[in-house]
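> Have a look at this one before I ask anything.
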Amino acid sequence: MRLYSNLSIKQKQIVWAWAFLALPVLFYGIIRFYPTGTAFVISFQEWNLLGDRTWIGWDNYVELWNDPVFWKVFVNTFEYLLIGTPLSLVLSFIIAYHLDKLRFMHGFLRMLYFLPFMTSAVAMAWVWRWFYQDVPIGLFNNLLASVGIPQIAFLNSTTNALPAVLAPAVWAGLGFQVIIFMAGLRAIPQSYYEAAKIDGVGWWTVLTQITIPLLRPTIVFIVVFSSIGFLRIFDHVFNMTTNNPGGPLNSTKPLVLMIYDTAFNGFNMGYAAAQTVVLFLILLLVSLAQLWLLRSD
Amino acid sequence: MTTTDIRASSATLDRSAVNKPRNMGQIMRWLLLFLGGILMVMPIAYMISTSLKWPHEVYNINLIPDEPTIENYTYVLEDGRFYWWFVNSIIIATITTISNLLFDSLVGYTLCKFRFPGRMIVFIAILSTLMIPTEMLVIPWYLMSQSLGWLDSYWGIMFPGLMTAFGTFLMKQFFESVPDDFIEAARIDGLNELQIWWTVAMPLVKPALAALAIFVFLGNWTAFLWPLIVTNSVEMYTIPVGLSGFGDEADVAWELIMTGAAISTIPTLVVFLIFQRFIIRGVVMAGLKG
């Protein structure tokens with residue numbers, strides 16, 4: 001204690017700062033950095049969780065490169081991204097743009113759009129899975145049958161299953177994006193619109209020359225946020241295809257599901273770790289793209 | 001253009017002045033958005049409606065049950081498992097939320113208000129963990145849990161999320177708005193640094209703490225991948241893991257799955273309906289500042 005009271009104010013601050021940070025620094029070291037290193041190391045090993053770990057160099061990556069399932073999964077993962085991100089961006093912008101112009105029961109409408117964001121992905125995956133069942137069970141096919149349209153095979157079709165699984169993911173994320181877009185729209189100074197009004201500019205010009213350019217940071221944020229979400233899709237796919245995870249014929253399998261399968265059903269830890277490294281690199285590229293896009297502002 | 005004209009045109013632009021849909025365009029806009037909104041809540045509505053239906057009515061597409069019943073809820077809760085999973089999820093989400101509120105704000109505060117050697121290194125190190133996806137860590141976490149005996153325990157489910165870089169940066173941003181003079185004044189009054197953080201700084205960032213609490217709680221309530229990996233006995237499942245397994249059991253009726261889904265969803269929906277304005281503000285704060 002005497003030692004402490006002899007310190008200058010500045011030195012005391014240093015002691016306090018490190019006292020506050022001691023536990024968190026330990027946490028980040030042990031629970032974040034050390035495991036990251038471990039993941040890289042395991043990706044160069046052959047290990048079935050029971051036997052010995054053997055160093056095999058780049059073999060896991062070579063195996064991945066030559067694995068047709070991996071390429072199928074890779075394409076699927078980007079399909080989720082390339083359909084999901086533009087779709088949810090456009091939908092949420094249209095909703096936010098019009099909702100922003102309404103005052104009558106504004107809060108109520110906003111609530112309707114936001115509610116799905118508060119649901120759990122697993123619960124909603126099961127609800128949608130029920131919707132997609134064949135007659136006489138599923139809601140969608142029952143609706144189609146009631147108006148005389150032939151049935152659609154949703155989750156059992158190799159072509160329809162991926163969009164069918166993606167739909168609830170887009171649905172659940174929409175409300176968040178609408179809210180962020182509306183905040184972005186509010187941040188645009190009214191004076192721009194007033195000036196445009198005085199100049200007699202049409203709504204389309206206002207939209208494309210004022211609104212969208214000024215929303216750029218918001219758009220970049222939403223694109224990156226939802227891209228990362230779609231690249232990491234798992235809960236929806238797993239729960240909508242539990243009878244045949246990632247099926248039919250791997251047509252819905254995303255990278256995270258392949259990782260889960262390889263590690264915790266196949267116990268091929270090295271191979272799974274190599275897949276996580278690939279996921280890490282993809283996400284890193286997306287994050288760097290965001291930094292680069294925002295940099296030029 | 002005269003001054004009155006300009007004033008008139010800016011008045012129509014003033015959002016607060018537009019209280020009711022005035023013309024056809026506005027009415028159409030309102031109706032379409034209303035219709036879209038109704039479609040958005042349909043899955044939730046059907047989930048709840050089906051959970052209140054008798055088996056013979058389940059495959060009717062009517063939204064309002066002819067004879068509503070809570071039989072499904074009684075059945076599912078008497079089974080006992082959902083009760084366990086619900087309690088597990090509450091405990092885990094609550095403890096994780098408290099831990100995040102304490103540690104994320106303490107670290108955010110320290111990085112924001114203290115000048116000390118190593119500050120930048122700690123800052124960048126924590127920032128860089130945002131780049132590491134959870135999916136990359138689950139395998140090492142599993143191995144770690146296995147060798148330390150953490151598998152299939154509350155601690156095992158919780159430990160990865162006790163602190164988050166996202167929460168730390170959110171809090172750091174908000175502590176920027178706490179004037180240094182307040183802290184200096186408290187120091188002169190003889191408060192120690194821990195007291196200053198707790199009694200001076202923390203009350204000033206309550207809205208941020210609330211936003212963080214909502215995010216962390218919702219995140220842990222719905223978390224699936226890690227709890228799925230780390231638990232293996234039915235009593236340790238969280239609600240999403242339990243529901244997933246329950247739905248997958250052979251011959252489970254859809255109305256019972258919908259009941260389970262409703263049990264896992266209704267609490268967050270109720271919380272949202274109560275704190276709606278507040279949560280939406282929190283989402284915007286966290287989304288834009290975090």
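Letters A, B, ... go to the chains of the structure tokens in the order shown; residues in each chain start at 1; ligands are counted from 1 in the same order.
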May I have the residues of chain B within 7 Å of chain A, counting only C-alpha atoms, written as a PyMOL selection string?
chain B and resi 10+18-21+29+34+37-38+40-41+43+47+59+61+106-107+110+114+116+129+131-133+135-137+140-141+160+193+222+224+240+244+248+258+261+264-265+268-269+284
> Could you give me, as an MDAnalysis selection string, each residue of stretch 121-216 of chain B that DSSP assigns to helix (DSSP H, G or I) when run on this structure's backbone?
chainID B and resid 121:131 134:148 154:161 165:175 180:188 193:204 206:216
> Skip B:Thr74 itself and residues of its chain fewer than 4 positions away, then list as a VMD selection string all residues within 12 Å of it, counting only C-alpha atoms.
chain B and resid 51 to 52 69 to 70 78 to 80 82 to 83 256 259 to 260 263
> Those selected residues, please, written with N, CA and C atoms and delivered as a CSV table (one decimal), in the first residue's frame.

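In the end it all went to part.csv:
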```
chain,number,residue,atom,x,y,z
B,51,SER,N,-50.0,-23.5,-33.0
B,51,SER,CA,-49.7,-24.0,-31.6
B,51,SER,C,-51.0,-24.0,-30.8
B,52,LEU,N,-52.0,-23.3,-31.2
B,52,LEU,CA,-53.3,-23.3,-30.5
B,52,LEU,C,-54.3,-24.1,-31.1
B,69,THR,N,-57.0,-24.1,-28.3
B,69,THR,CA,-56.7,-24.9,-27.1
B,69,THR,C,-55.3,-24.7,-26.7
B,70,ILE,N,-55.1,-24.8,-25.4
B,70,ILE,CA,-53.7,-24.7,-24.9
B,70,ILE,C,-53.1,-26.1,-24.6
B,78,GLU,N,-45.5,-30.4,-19.9
B,78,GLU,CA,-45.6,-31.6,-19.0
B,78,GLU,C,-44.4,-32.6,-19.3
B,79,ASP,N,-44.1,-32.6,-20.6
B,79,ASP,CA,-43.0,-33.4,-21.0
B,79,ASP,C,-41.7,-33.1,-20.3
B,80,GLY,N,-41.6,-31.8,-19.8
B,80,GLY,CA,-40.5,-31.4,-18.9
B,80,GLY,C,-39.3,-30.9,-19.6
B,82,PHE,N,-38.8,-29.0,-22.4
B,82,PHE,CA,-38.8,-27.6,-22.7
B,82,PHE,C,-38.6,-26.7,-21.5
B,83,TYR,N,-39.2,-27.2,-20.4
B,83,TYR,CA,-39.0,-26.4,-19.2
B,83,TYR,C,-37.6,-26.3,-18.8
B,256,LEU,N,-47.0,-29.6,-32.3
B,256,LEU,CA,-46.1,-29.6,-31.1
B,256,LEU,C,-44.8,-28.9,-31.4
B,259,THR,N,-45.5,-25.3,-31.3
B,259,THR,CA,-45.6,-24.9,-29.9
B,259,THR,C,-44.2,-24.7,-29.3
B,260,GLY,N,-43.3,-25.6,-29.6
B,260,GLY,CA,-41.9,-25.4,-29.1
B,260,GLY,C,-41.3,-24.1,-29.7
B,263,ILE,N,-42.7,-21.2,-27.9
B,263,ILE,CA,-42.2,-21.0,-26.6
B,263,ILE,C,-40.8,-20.3,-26.6
```
> Residues near B:Asp104, anyone? I mean within 7 Å using only C-alpha atoms, not counting same-chain ones fewer than 6 positions away, as a VMD selection string.
chain B and resid 163 to 164 167 to 168 171
> Using N, CA and C atoms, can you export the residues from the last selection as a PDB file, in the first residue's frame?

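Full text of selection32.pdb as output:
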```pdb
ATOM      1  N   MET B 163     -17.095 -12.036 -22.936  1.00  0.00           N
ATOM      2  CA  MET B 163     -16.737 -10.673 -23.340  1.00  0.00           C
ATOM      3  C   MET B 163     -16.775 -10.652 -24.860  1.00  0.00           C
ATOM      4  N   THR B 164     -17.133  -9.497 -25.430  1.00  0.00           N
ATOM      5  CA  THR B 164     -17.120  -9.407 -26.888  1.00  0.00           C
ATOM      6  C   THR B 164     -16.446  -8.110 -27.319  1.00  0.00           C
ATOM      7  N   GLY B 167     -19.086  -5.406 -28.126  1.00  0.00           N
ATOM      8  CA  GLY B 167     -19.577  -4.679 -26.963  1.00  0.00           C
ATOM      9  C   GLY B 167     -18.551  -3.694 -26.437  1.00  0.00           C
ATOM     10  N   THR B 168     -17.290  -4.103 -26.456  1.00  0.00           N
ATOM     11  CA  THR B 168     -16.223  -3.237 -25.965  1.00  0.00           C
ATOM     12  C   THR B 168     -16.152  -1.951 -26.787  1.00  0.00           C
ATOM     13  N   MET B 171     -19.177   0.335 -26.199  1.00  0.00           N
ATOM     14  CA  MET B 171     -19.066   1.068 -24.932  1.00  0.00           C
ATOM     15  C   MET B 171     -17.983   2.152 -25.020  1.00  0.00           C
TER      16      MET B 171
END
```
> Here is a test: counting only C-alpha atoms, which residue of B:Val252, B:Ile266, B:Leu209, B:Leu31 is nearest to B:Ile44?
B:Ile266
> Would you kindly return, as a PyMOL selection string, each protein, DNA or RNA residue with an atom no farther than 10 Å from any atom of B:Val234, considering only C-alpha atoms and excluding same-chain residues fewer than 4 positions away?
chain B and resi 81+84-85+152+238+241-242+245
> My list of candidates is B:Ile229, B:Ala253, B:Leu273, B:Ala262. Which is closest to B:Ile157 when distances are computed with only C-alpha atoms?
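Among B:Ile229, B:Ala253, B:Leu273, B:Ala262, it is B:Ile229 that comes nearest to B:Ile157.
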> Could you give me, as a list in words, the residues within 7 Å of B:Thr231, counting only C-alpha atoms and dropping anything in the same chain fewer than 5 positions from it?
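Final neighbour list, sorted by chain and number: Leu151, Asp152, Met236 and Tyr237 of chain B.
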> Which residues are close to stretch 153-167 of chain A, i.e. within 8 Å by only C-alpha atoms, leaving aside same-chain residues fewer than 4 positions away? Reply as an MDAnalysis selection string.
chainID A and resid 76 80 84 129 132:134 171 236:237 240:241 247:249 251:252
> Quick one: of A:Asn250, A:Leu214, A:Leu3, A:Leu291, who's nearest to A:Pro68, counting only C-alpha atoms?
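Distance minimum relative to A:Pro68 lands on A:Asn250.
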> Among stretch 2-182 of chain A, which residues carry a DSSP assignment of strand (DSSP E or B), reported as a PyMOL selection string?
chain A and resi 45-46+54-55
> Would you output that residue set with N, CA and C atoms, as a PDB file, in the first residue's frame?

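Everything below was put into again_9.pdb:
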```
ATOM      1  N   GLN A  45      -2.610 -30.639 -39.821  1.00  0.00           N
ATOM      2  CA  GLN A  45      -2.447 -31.944 -39.200  1.00  0.00           C
ATOM      3  C   GLN A  45      -3.554 -32.900 -39.603  1.00  0.00           C
ATOM      4  N   GLU A  46      -3.267 -34.172 -39.387  1.00  0.00           N
ATOM      5  CA  GLU A  46      -4.260 -35.213 -39.584  1.00  0.00           C
ATOM      6  C   GLU A  46      -4.623 -35.687 -38.187  1.00  0.00           C
ATOM      7  N   THR A  54      -0.754 -36.002 -36.482  1.00  0.00           N
ATOM      8  CA  THR A  54       0.427 -36.078 -37.347  1.00  0.00           C
ATOM      9  C   THR A  54       0.465 -34.883 -38.284  1.00  0.00           C
ATOM     10  N   TRP A  55       1.676 -34.361 -38.453  1.00  0.00           N
ATOM     11  CA  TRP A  55       1.868 -33.191 -39.312  1.00  0.00           C
ATOM     12  C   TRP A  55       1.849 -33.620 -40.765  1.00  0.00           C
TER      13      TRP A  55
END
```
> Smallest atom-to-atom distance to A:Arg53: which of A:Thr211, A:Gln290, A:Asn6, A:Asn268, using only C-alpha atoms?
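Looking only at the distances to A:Arg53, the closest residue turns out to be A:Asn268.
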